[in-house]
Amino acid sequence: MSKPKGKPIIKIDKVFKEFGPLTVLKEVSFNIYPREFLFLIGPSGAGKTTLFRLLTHEITPTEGEIFFDDMEVSGKLSGKQLCELRRRVGRVFQDLKLIEDKTVEENIRLIFDILKTDREKVTEESERLLGLVGLSERSNLFPSQLAEGEKQRVGVARALVGQPDILLVDEPTSNLDPATSWQIIKLLRDINSKGTAVVIATHDEDIVSSLTARVIEIDEGKLVRDEKKGKYQADQ
Amino acid sequence: MTALKTALSHIKRSPYQSVLVILTLMFSFFLISSFAVLCFASQQVLSFFESKPQVIAYLNDEATSEQILALRSKLDNTGKTKEVKYVSKEDALRIYQEANRDNPLLLEMVTADILPASLEISATDISYLKDLADILEHEEIISVSEGGKKEIDFQEDIAQSLRQWTQSIRKIGLGLGGFLVLECFLLILVITSMKIALRRDEVEIVRLLGGSSWYARAPFLLEGMIYGFLGALLGFAVMYLVLSQITPLATEFLGGVEVFPILQEFLLILLGSTVLFSSLLCGLASFSATRRYLK
């Protein structure tokens, strides 16, 4: 496992984030490279979700810089840049944010609409994505009719619609039994093997310790570990 | 197309709310278009009366054509007259015969000799009528009644009251219209805000997954515009039905004043402008709501 080569897809440089008197991130710096698979770990409230929100410009850092490719995400973005960023950075939310009154397929089609995909392609692509996450048979069900693991899969499929360069997955196993958790991780591994960088925020130590992957640990807002199977990454 | 589909599905998914909004808009635009028709009709009535001579001065039989011409020039020189028309005894007889052609008994008894010649005067403004009447009062060629009064028909009161009525209707219409427009705007603003609040999660998801601000806003804007369009269209339709019912009565009441039926061109313009105005107004209200709640 050598250090990833090439230009980072995401560059986080000395980022601070404060919410009033509370400092959530303190001088966090690291890079994410194309096709990487990494875990972002830390206890609840460590700042993992805040980092994801910063990467998609949902919030901006109090200090420091974040770049996605050559786009400075930490600064002010135009509407067009923001749309591009959010299309190229796929996100699976901790609470999934599925639209409850739309079926599985409609939830996915919504993103095709946003991306203005050709109508002919939409059906084909929807079927491909549903097949990829193993939900072809459940495309006409509503989120409330699905099991937690299936909902998680819908979230993943939806995040993949725009063929993002990187997928940010927030606590994908938090409500799942171990077997389903592993199915989701396997799915994310498969997606990564096809070229999409995957960042998984989790505090599931079992999964993290069982896989060969880069691990970044944040504790009380500080980056305390960046290693690959115990091997420290010197790119900070 | 997607935005339109979403807007229509929003409307379908809250049918009672949608019906309430459309009915409220319909009532408001019924009142607005009714007042517009009323203003138009009253203006027509006023124009009819203003087009008629407002002062008729009857001339005595001794008046010479030089004297009459001199009086005409005097009146013209004031700059306050729109038209001064001389009606000879023969013209007066013709008018009389025309007016009483169904009554041969009356026609037999009247000859040109017993009818006076007259000057029919229209003023450029009703407020000048008094000045013109004052000039006529001092003219010798104006005939005098048995009571010693100059024979001058003076229609200032009718025209003046009509003008006041027309102005009052316009003012009330503008006031009420303004109030109703504000009410419609606030109604759509509140309803759209409520709908945005109900769909906040969906809107948030759309934005977080790369949807543009316009993509999130468009269905709400279109929804508002659809309400405005339907409300104004139905309001106009109700007004048209009421109008068609009262037209025979109004025609009979107004007699020779040709106001009813209201001009179809005017009604078409009114329909187009209220529907367009209402759609834009409601679209603007929705836009304000989305600006406020979809930052």
# chains A, B, ... in the order shown; residues from 1 in each chain; ligands from 1

call {"tool": "interface_residues", "arguments": {"of": "chain A", "to": "chain B", "cutoff": "10 Å", "atoms": "only C-alpha atoms", "output": "MDAnalysis selection string"}}
result
chainID A and resid 53 56:58 79:93 96:101 110:111 113:116 158:159 161:162

call {"tool": "residues_around", "arguments": {"residues": "segment 198-212 of chain A", "least_positions_apart": "3", "cutoff": "8 Å", "atoms": "only C-alpha atoms", "output": "PDB file with N, CA and C atoms, in the first residue's frame"}}
result
ATOM      1  N   ARG A  35      -9.966   7.778  -6.817  1.00  0.00           N
ATOM      2  CA  ARG A  35     -10.098   6.316  -6.653  1.00  0.00           C
ATOM      3  C   ARG A  35      -9.753   5.836  -5.245  1.00  0.00           C
ATOM      4  N   GLU A  36      -9.576   6.781  -4.318  1.00  0.00           N
ATOM      5  CA  GLU A  36      -9.234   6.355  -2.945  1.00  0.00           C
ATOM      6  C   GLU A  36     -10.452   5.791  -2.229  1.00  0.00           C
ATOM      7  N   PHE A  37     -10.197   4.911  -1.266  1.00  0.00           N
ATOM      8  CA  PHE A  37     -11.255   4.410  -0.393  1.00  0.00           C
ATOM      9  C   PHE A  37     -10.792   4.702   1.021  1.00  0.00           C
ATOM     10  N   LEU A  38     -11.484   5.565   1.706  1.00  0.00           N
ATOM     11  CA  LEU A  38     -10.988   5.892   3.051  1.00  0.00           C
ATOM     12  C   LEU A  38     -12.122   6.017   4.062  1.00  0.00           C
ATOM     13  N   PHE A  39     -11.731   5.716   5.283  1.00  0.00           N
ATOM     14  CA  PHE A  39     -12.672   5.850   6.402  1.00  0.00           C
ATOM     15  C   PHE A  39     -12.346   7.132   7.160  1.00  0.00           C
ATOM     16  N   LEU A  40     -13.380   7.836   7.497  1.00  0.00           N
ATOM     17  CA  LEU A  40     -13.240   9.004   8.359  1.00  0.00           C
ATOM     18  C   LEU A  40     -13.880   8.603   9.672  1.00  0.00           C
ATOM     19  N   ILE A  41     -13.048   8.441  10.689  1.00  0.00           N
ATOM     20  CA  ILE A  41     -13.623   7.922  11.935  1.00  0.00           C
ATOM     21  C   ILE A  41     -13.483   8.939  13.070  1.00  0.00           C
ATOM     22  N   GLY A  42     -14.183   8.654  14.116  1.00  0.00           N
ATOM     23  CA  GLY A  42     -14.158   9.523  15.284  1.00  0.00           C
ATOM     24  C   GLY A  42     -15.469   9.394  16.021  1.00  0.00           C
ATOM     25  N   PRO A  43     -15.479   9.763  17.295  1.00  0.00           N
ATOM     26  CA  PRO A  43     -16.720   9.627  18.071  1.00  0.00           C
ATOM     27  C   PRO A  43     -17.793  10.590  17.564  1.00  0.00           C
ATOM     28  N   SER A  44     -19.011  10.383  18.012  1.00  0.00           N
ATOM     29  CA  SER A  44     -20.101  11.301  17.632  1.00  0.00           C
ATOM     30  C   SER A  44     -19.729  12.716  18.052  1.00  0.00           C
ATOM     31  N   LYS A  48     -17.109  14.896  11.839  1.00  0.00           N
ATOM     32  CA  LYS A  48     -17.090  14.171  10.551  1.00  0.00           C
ATOM     33  C   LYS A  48     -18.147  14.741   9.588  1.00  0.00           C
ATOM     34  N   THR A  49     -19.369  14.858  10.090  1.00  0.00           N
ATOM     35  CA  THR A  49     -20.448  15.377   9.220  1.00  0.00           C
ATOM     36  C   THR A  49     -20.167  16.833   8.851  1.00  0.00           C
ATOM     37  N   ILE A 166     -16.369  11.549  -6.495  1.00  0.00           N
ATOM     38  CA  ILE A 166     -16.158  11.108  -5.113  1.00  0.00           C
ATOM     39  C   ILE A 166     -17.518  10.940  -4.425  1.00  0.00           C
ATOM     40  N   LEU A 167     -17.586   9.947  -3.567  1.00  0.00           N
ATOM     41  CA  LEU A 167     -18.836   9.670  -2.854  1.00  0.00           C
ATOM     42  C   LEU A 167     -18.581   9.827  -1.351  1.00  0.00           C
ATOM     43  N   LEU A 168     -19.349  10.711  -0.722  1.00  0.00           N
ATOM     44  CA  LEU A 168     -19.215  10.908   0.719  1.00  0.00           C
ATOM     45  C   LEU A 168     -20.375  10.181   1.387  1.00  0.00           C
ATOM     46  N   VAL A 169     -20.068   9.207   2.200  1.00  0.00           N
ATOM     47  CA  VAL A 169     -21.127   8.380   2.798  1.00  0.00           C
ATOM     48  C   VAL A 169     -21.078   8.550   4.314  1.00  0.00           C
ATOM     49  N   ASP A 170     -22.186   9.064   4.851  1.00  0.00           N
ATOM     50  CA  ASP A 170     -22.207   9.409   6.275  1.00  0.00           C
ATOM     51  C   ASP A 170     -22.883   8.304   7.089  1.00  0.00           C
ATOM     52  N   GLU A 171     -22.121   7.668   7.947  1.00  0.00           N
ATOM     53  CA  GLU A 171     -22.617   6.617   8.851  1.00  0.00           C
ATOM     54  C   GLU A 171     -23.553   5.627   8.144  1.00  0.00           C
ATOM     55  N   PRO A 172     -23.044   4.919   7.162  1.00  0.00           N
ATOM     56  CA  PRO A 172     -23.951   4.037   6.400  1.00  0.00           C
ATOM     57  C   PRO A 172     -24.401   2.801   7.181  1.00  0.00           C
ATOM     58  N   THR A 173     -23.715   2.485   8.261  1.00  0.00           N
ATOM     59  CA  THR A 173     -24.052   1.234   8.959  1.00  0.00           C
ATOM     60  C   THR A 173     -24.667   1.476  10.330  1.00  0.00           C
ATOM     61  N   SER A 174     -24.962   2.745  10.642  1.00  0.00           N
ATOM     62  CA  SER A 174     -25.362   3.057  12.023  1.00  0.00           C
ATOM     63  C   SER A 174     -26.652   2.357  12.467  1.00  0.00           C
ATOM     64  N   TRP A 182     -22.236  -5.184   6.241  1.00  0.00           N
ATOM     65  CA  TRP A 182     -21.189  -5.694   5.356  1.00  0.00           C
ATOM     66  C   TRP A 182     -21.631  -5.662   3.889  1.00  0.00           C
ATOM     67  N   LEU A 188     -20.133  -0.465  -1.552  1.00  0.00           N
ATOM     68  CA  LEU A 188     -19.303   0.740  -1.682  1.00  0.00           C
ATOM     69  C   LEU A 188     -17.911   0.389  -2.214  1.00  0.00           C
ATOM     70  N   ASN A 192     -16.174   1.737  -5.582  1.00  0.00           N
ATOM     71  CA  ASN A 192     -14.809   2.269  -5.568  1.00  0.00           C
ATOM     72  C   ASN A 192     -13.939   1.569  -6.614  1.00  0.00           C
ATOM     73  N   VAL A 215      -7.288   5.364   6.821  1.00  0.00           N
ATOM     74  CA  VAL A 215      -8.168   5.754   7.927  1.00  0.00           C
ATOM     75  C   VAL A 215      -7.750   7.145   8.424  1.00  0.00           C
ATOM     76  N   LYS A 228      -2.734   4.059   6.726  1.00  0.00           N
ATOM     77  CA  LYS A 228      -3.311   2.992   5.941  1.00  0.00           C
ATOM     78  C   LYS A 228      -2.879   1.696   6.583  1.00  0.00           C
ATOM     79  N   LYS A 229      -3.789   0.999   7.177  1.00  0.00           N
ATOM     80  CA  LYS A 229      -3.508  -0.237   7.910  1.00  0.00           C
ATOM     81  C   LYS A 229      -2.317  -0.044   8.851  1.00  0.00           C
TER      82      LYS A 229
END

call {"tool": "select_by_dssp", "arguments": {"residues": "segment 78-230 of chain B", "states": "helix (DSSP H, G or I)", "output": "PyMOL selection string"}}
result
chain B and resi 89-99+104-109+112-114+126-137+156-198+200-208+213-230

call {"tool": "write_last_selection", "arguments": {"atoms": "C-alpha atoms", "output": "compact mmCIF listing (two decimals), in the first residue's frame"}}
result
# COMPACT_ATOMS: atom_id res chain seq x y z
CA LYS B 89 -87.17 76.43 -37.24
CA GLU B 90 -87.25 73.91 -40.11
CA ASP B 91 -84.58 71.77 -38.45
CA ALA B 92 -86.55 71.94 -35.22
CA LEU B 93 -89.66 70.74 -37.01
CA ARG B 94 -87.77 67.84 -38.55
CA ILE B 95 -86.43 66.85 -35.14
CA TYR B 96 -89.91 67.14 -33.69
CA GLN B 97 -91.40 65.03 -36.49
CA GLU B 98 -88.72 62.42 -36.05
CA ALA B 99 -89.33 62.22 -32.34
CA PRO B 104 -99.79 61.65 -36.21
CA LEU B 105 -102.10 63.79 -34.07
CA LEU B 106 -99.15 65.66 -32.59
CA LEU B 107 -97.57 66.05 -36.03
CA GLU B 108 -100.70 67.61 -37.53
CA MET B 109 -100.88 70.31 -34.88
CA ALA B 112 -92.27 75.26 -38.28
CA ASP B 113 -93.64 78.68 -37.32
CA ILE B 114 -94.49 77.78 -33.78
CA ILE B 126 -68.62 71.03 -17.98
CA SER B 127 -67.25 73.68 -15.62
CA TYR B 128 -67.53 76.27 -18.45
CA LEU B 129 -71.26 75.79 -18.81
CA LYS B 130 -72.05 78.41 -16.21
CA ASP B 131 -69.92 81.05 -17.99
CA LEU B 132 -71.55 80.27 -21.34
CA ALA B 133 -75.01 80.43 -19.80
CA ASP B 134 -74.14 83.83 -18.28
CA ILE B 135 -73.21 85.17 -21.72
CA LEU B 136 -76.51 83.92 -23.15
CA GLU B 137 -78.49 85.44 -20.28
CA GLU B 156 -75.04 71.09 -16.12
CA ASP B 157 -76.58 69.18 -13.25
CA ILE B 158 -77.06 65.93 -15.14
CA ALA B 159 -73.58 65.88 -16.67
CA GLN B 160 -71.98 67.07 -13.44
CA SER B 161 -73.67 64.37 -11.37
CA LEU B 162 -72.77 61.75 -13.95
CA ARG B 163 -69.18 62.85 -13.89
CA GLN B 164 -69.16 62.69 -10.10
CA TRP B 165 -70.70 59.24 -10.19
CA THR B 166 -68.16 58.04 -12.73
CA GLN B 167 -65.31 59.44 -10.68
CA SER B 168 -66.70 57.88 -7.51
CA ILE B 169 -67.07 54.49 -9.20
CA ARG B 170 -63.49 54.78 -10.47
CA LYS B 171 -62.19 55.72 -7.03
CA ILE B 172 -64.12 52.94 -5.29
CA GLY B 173 -63.04 50.50 -8.01
CA LEU B 174 -59.40 51.52 -7.66
CA GLY B 175 -59.54 51.35 -3.86
CA LEU B 176 -61.31 48.01 -3.79
CA GLY B 177 -59.17 46.69 -6.66
CA GLY B 178 -56.00 47.70 -4.83
CA PHE B 179 -57.21 46.03 -1.67
CA LEU B 180 -58.16 42.84 -3.55
CA VAL B 181 -54.85 42.76 -5.41
CA LEU B 182 -53.01 43.07 -2.10
CA GLU B 183 -55.21 40.36 -0.61
CA CYS B 184 -54.50 38.02 -3.56
CA PHE B 185 -50.79 38.71 -3.30
CA LEU B 186 -50.72 37.95 0.43
CA LEU B 187 -52.89 34.86 -0.01
CA ILE B 188 -50.51 33.36 -2.58
CA LEU B 189 -47.51 34.44 -0.50
CA VAL B 190 -48.88 32.65 2.57
CA ILE B 191 -50.02 29.54 0.68
CA THR B 192 -46.70 29.22 -1.17
CA SER B 193 -44.81 29.73 2.09
CA MET B 194 -46.90 26.98 3.69
CA LYS B 195 -46.25 24.67 0.76
CA ILE B 196 -42.54 25.40 0.89
CA ALA B 197 -42.56 24.68 4.63
CA LEU B 198 -44.34 21.37 3.95
CA ARG B 200 -38.79 21.96 2.92
CA ASP B 201 -37.06 18.56 3.04
CA GLU B 202 -37.64 17.93 -0.63
CA VAL B 203 -36.38 21.38 -1.57
CA GLU B 204 -33.34 20.92 0.67
CA ILE B 205 -32.58 17.55 -0.93
CA VAL B 206 -32.88 19.00 -4.42
CA ARG B 207 -30.42 21.76 -3.49
CA LEU B 208 -28.00 19.40 -1.74
CA SER B 213 -32.05 27.40 -7.18
CA TRP B 214 -34.35 27.81 -10.20
CA TYR B 215 -35.04 24.06 -10.29
CA ALA B 216 -36.27 24.23 -6.69
CA ARG B 217 -38.25 27.44 -7.24
CA ALA B 218 -39.86 26.82 -10.60
CA PRO B 219 -42.64 24.45 -9.43
CA PHE B 220 -43.75 26.91 -6.73
CA LEU B 221 -43.71 29.81 -9.19
CA LEU B 222 -45.71 27.86 -11.72
CA GLU B 223 -48.14 26.70 -9.06
CA GLY B 224 -48.81 30.33 -8.10
CA MET B 225 -49.24 31.30 -11.74
CA ILE B 226 -51.68 28.43 -12.33
CA TYR B 227 -53.77 29.60 -9.36
CA GLY B 228 -53.71 33.16 -10.71
CA PHE B 229 -54.65 32.05 -14.21
CA LEU B 230 -57.55 29.85 -13.08

call {"tool": "residues_around", "arguments": {"residues": "Val84 of chain B", "least_positions_apart": "5", "cutoff": "12 Å", "atoms": "only C-alpha atoms", "output": "MDAnalysis selection string"}}
result
chainID B and resid 52:57 68:69 71:79 118:124 132

call {"tool": "residues_around", "arguments": {"residues": "Val133 of chain A", "least_positions_apart": "6", "cutoff": "10 Å", "atoms": "only C-alpha atoms", "output": "list in words"}}
result
Glu150, Gln152, Arg153, Val154, Gly155, Val156, Ala157, Gln183, Ile184, Leu187, Leu188 and Ile191 of chain A

call {"tool": "write_last_selection", "arguments": {"atoms": "N, CA, C and O atoms", "output": "short mmCIF file (atom, residue, chain, number, x, y, z; two decimals), in the first residue's frame"}}
result
data_model
loop_
_atom_site.label_atom_id
_atom_site.label_comp_id
_atom_site.auth_asym_id
_atom_site.auth_seq_id
_atom_site.Cartn_x
_atom_site.Cartn_y
_atom_site.Cartn_z
N GLU A 150 -32.08 -1.45 2.71
CA GLU A 150 -32.55 -1.12 1.35
C GLU A 150 -32.61 0.40 1.15
O GLU A 150 -32.26 0.90 0.08
N GLN A 152 -30.70 2.49 2.59
CA GLN A 152 -29.30 2.89 2.45
C GLN A 152 -28.84 2.70 0.99
O GLN A 152 -28.16 3.54 0.42
N ARG A 153 -29.30 1.60 0.40
CA ARG A 153 -28.94 1.31 -0.99
C ARG A 153 -29.55 2.34 -1.95
O ARG A 153 -28.92 2.74 -2.93
N VAL A 154 -30.79 2.76 -1.64
CA VAL A 154 -31.42 3.79 -2.48
C VAL A 154 -30.59 5.07 -2.40
O VAL A 154 -30.33 5.73 -3.41
N GLY A 155 -30.17 5.40 -1.16
CA GLY A 155 -29.34 6.59 -0.96
C GLY A 155 -28.07 6.52 -1.79
O GLY A 155 -27.65 7.51 -2.42
N VAL A 156 -27.46 5.35 -1.82
CA VAL A 156 -26.22 5.16 -2.58
C VAL A 156 -26.51 5.30 -4.08
O VAL A 156 -25.80 6.01 -4.79
N ALA A 157 -27.57 4.62 -4.52
CA ALA A 157 -27.92 4.68 -5.95
C ALA A 157 -28.18 6.12 -6.37
O ALA A 157 -27.71 6.57 -7.42
N GLN A 183 -22.91 -5.90 3.67
CA GLN A 183 -23.41 -5.83 2.28
C GLN A 183 -23.22 -4.40 1.72
O GLN A 183 -22.83 -4.22 0.58
N ILE A 184 -23.52 -3.44 2.59
CA ILE A 184 -23.39 -2.04 2.15
C ILE A 184 -21.91 -1.70 1.89
O ILE A 184 -21.58 -1.07 0.87
N LEU A 187 -20.87 -3.15 -1.28
CA LEU A 187 -21.39 -2.35 -2.40
C LEU A 187 -20.51 -1.12 -2.64
O LEU A 187 -20.16 -0.80 -3.78
N LEU A 188 -20.13 -0.46 -1.55
CA LEU A 188 -19.30 0.74 -1.68
C LEU A 188 -17.91 0.39 -2.21
O LEU A 188 -17.32 1.15 -2.98
N ILE A 191 -18.26 -0.06 -5.89
CA ILE A 191 -18.35 1.26 -6.55
C ILE A 191 -16.94 1.87 -6.66
O ILE A 191 -16.56 2.41 -7.70
#

call {"tool": "select_by_dssp", "arguments": {"residues": "segment 5-230 of chain A", "states": "strand (DSSP E)", "output": "ChimeraX atom specification"}}
result
/A:10-19,22-32,37-41,63-68,71-72,89-92,166-170,197-202,214-219,222-228

call {"tool": "atom_distance", "arguments": {"atom1": "atom CA of Ser273 of chain B", "atom2": "atom CA of Ser286 of chain B"}}
result
19.6 Å

call {"tool": "residues_around", "arguments": {"residues": "segment 24-26 of chain A", "least_positions_apart": "4", "cutoff": "9 Å", "atoms": "only C-alpha atoms", "output": "short mmCIF file (atom, residue, chain, number, x, y, z; two decimals) with C-alpha atoms, in the first residue's frame"}}
result
data_model
loop_
_atom_site.label_atom_id
_atom_site.label_comp_id
_atom_site.auth_asym_id
_atom_site.auth_seq_id
_atom_site.Cartn_x
_atom_site.Cartn_y
_atom_site.Cartn_z
CA LYS A 14 -5.71 24.14 7.85
CA VAL A 15 -9.47 24.26 8.17
CA PHE A 16 -11.15 25.65 11.25
CA LYS A 17 -14.88 25.65 11.74
CA GLU A 18 -16.57 27.43 14.59
CA PHE A 19 -20.28 27.51 15.45
CA GLY A 45 -19.67 15.06 17.50
CA ALA A 46 -16.04 14.77 16.39
CA GLY A 47 -16.73 16.84 13.27
CA THR A 50 -19.27 18.99 9.50
CA LEU A 51 -16.38 18.08 7.24
CA PRO A 61 -14.96 27.20 7.01
CA ILE A 218 -10.83 13.12 13.99
CA GLU A 220 -12.52 16.87 19.26
CA GLY A 221 -12.13 18.59 15.90
CA LYS A 222 -8.45 17.66 15.45
CA LEU A 223 -7.00 15.23 12.96
#

call {"tool": "atom_distance", "arguments": {"atom1": "atom CA of Leu129 of chain A", "atom2": "atom CA of Asp95 of chain A"}}
result
20.5 Å

call {"tool": "decode", "arguments": {"residues": "segment 194-207 of chain B", "atoms": "N, CA and C atoms", "output": "short mmCIF file (atom, residue, chain, number, x, y, z; two decimals), in the first residue's frame"}}
result
data_model
loop_
_atom_site.label_atom_id
_atom_site.label_comp_id
_atom_site.auth_asym_id
_atom_site.auth_seq_id
_atom_site.Cartn_x
_atom_site.Cartn_y
_atom_site.Cartn_z
N MET B 194 -46.47 28.21 3.00
CA MET B 194 -46.90 26.98 3.69
C MET B 194 -46.45 25.75 2.91
N LYS B 195 -46.62 25.83 1.59
CA LYS B 195 -46.25 24.67 0.76
C LYS B 195 -44.74 24.44 0.79
N ILE B 196 -44.00 25.55 0.81
CA ILE B 196 -42.54 25.40 0.89
C ILE B 196 -42.17 24.77 2.23
N ALA B 197 -42.85 25.25 3.29
CA ALA B 197 -42.56 24.68 4.63
C ALA B 197 -42.86 23.19 4.63
N LEU B 198 -43.97 22.79 3.99
CA LEU B 198 -44.34 21.37 3.95
C LEU B 198 -43.33 20.56 3.14
N ARG B 199 -42.74 21.22 2.15
CA ARG B 199 -41.83 20.50 1.25
C ARG B 199 -40.38 20.92 1.46
N ARG B 200 -40.13 21.46 2.63
CA ARG B 200 -38.79 21.96 2.92
C ARG B 200 -37.72 20.89 2.70
N ASP B 201 -38.03 19.66 3.17
CA ASP B 201 -37.06 18.56 3.04
C ASP B 201 -36.75 18.29 1.58
N GLU B 202 -37.81 18.23 0.79
CA GLU B 202 -37.64 17.93 -0.63
C GLU B 202 -36.80 19.01 -1.31
N VAL B 203 -37.12 20.26 -0.97
CA VAL B 203 -36.38 21.38 -1.57
C VAL B 203 -34.91 21.31 -1.14
N GLU B 204 -34.71 21.00 0.15
CA GLU B 204 -33.34 20.92 0.67
C GLU B 204 -32.57 19.81 -0.06
N ILE B 205 -33.24 18.68 -0.26
CA ILE B 205 -32.58 17.55 -0.93
C ILE B 205 -32.20 17.93 -2.36
N VAL B 206 -33.15 18.58 -3.04
CA VAL B 206 -32.88 19.00 -4.42
C VAL B 206 -31.64 19.89 -4.46
N ARG B 207 -31.57 20.83 -3.52
CA ARG B 207 -30.42 21.76 -3.49
C ARG B 207 -29.13 21.02 -3.14
#
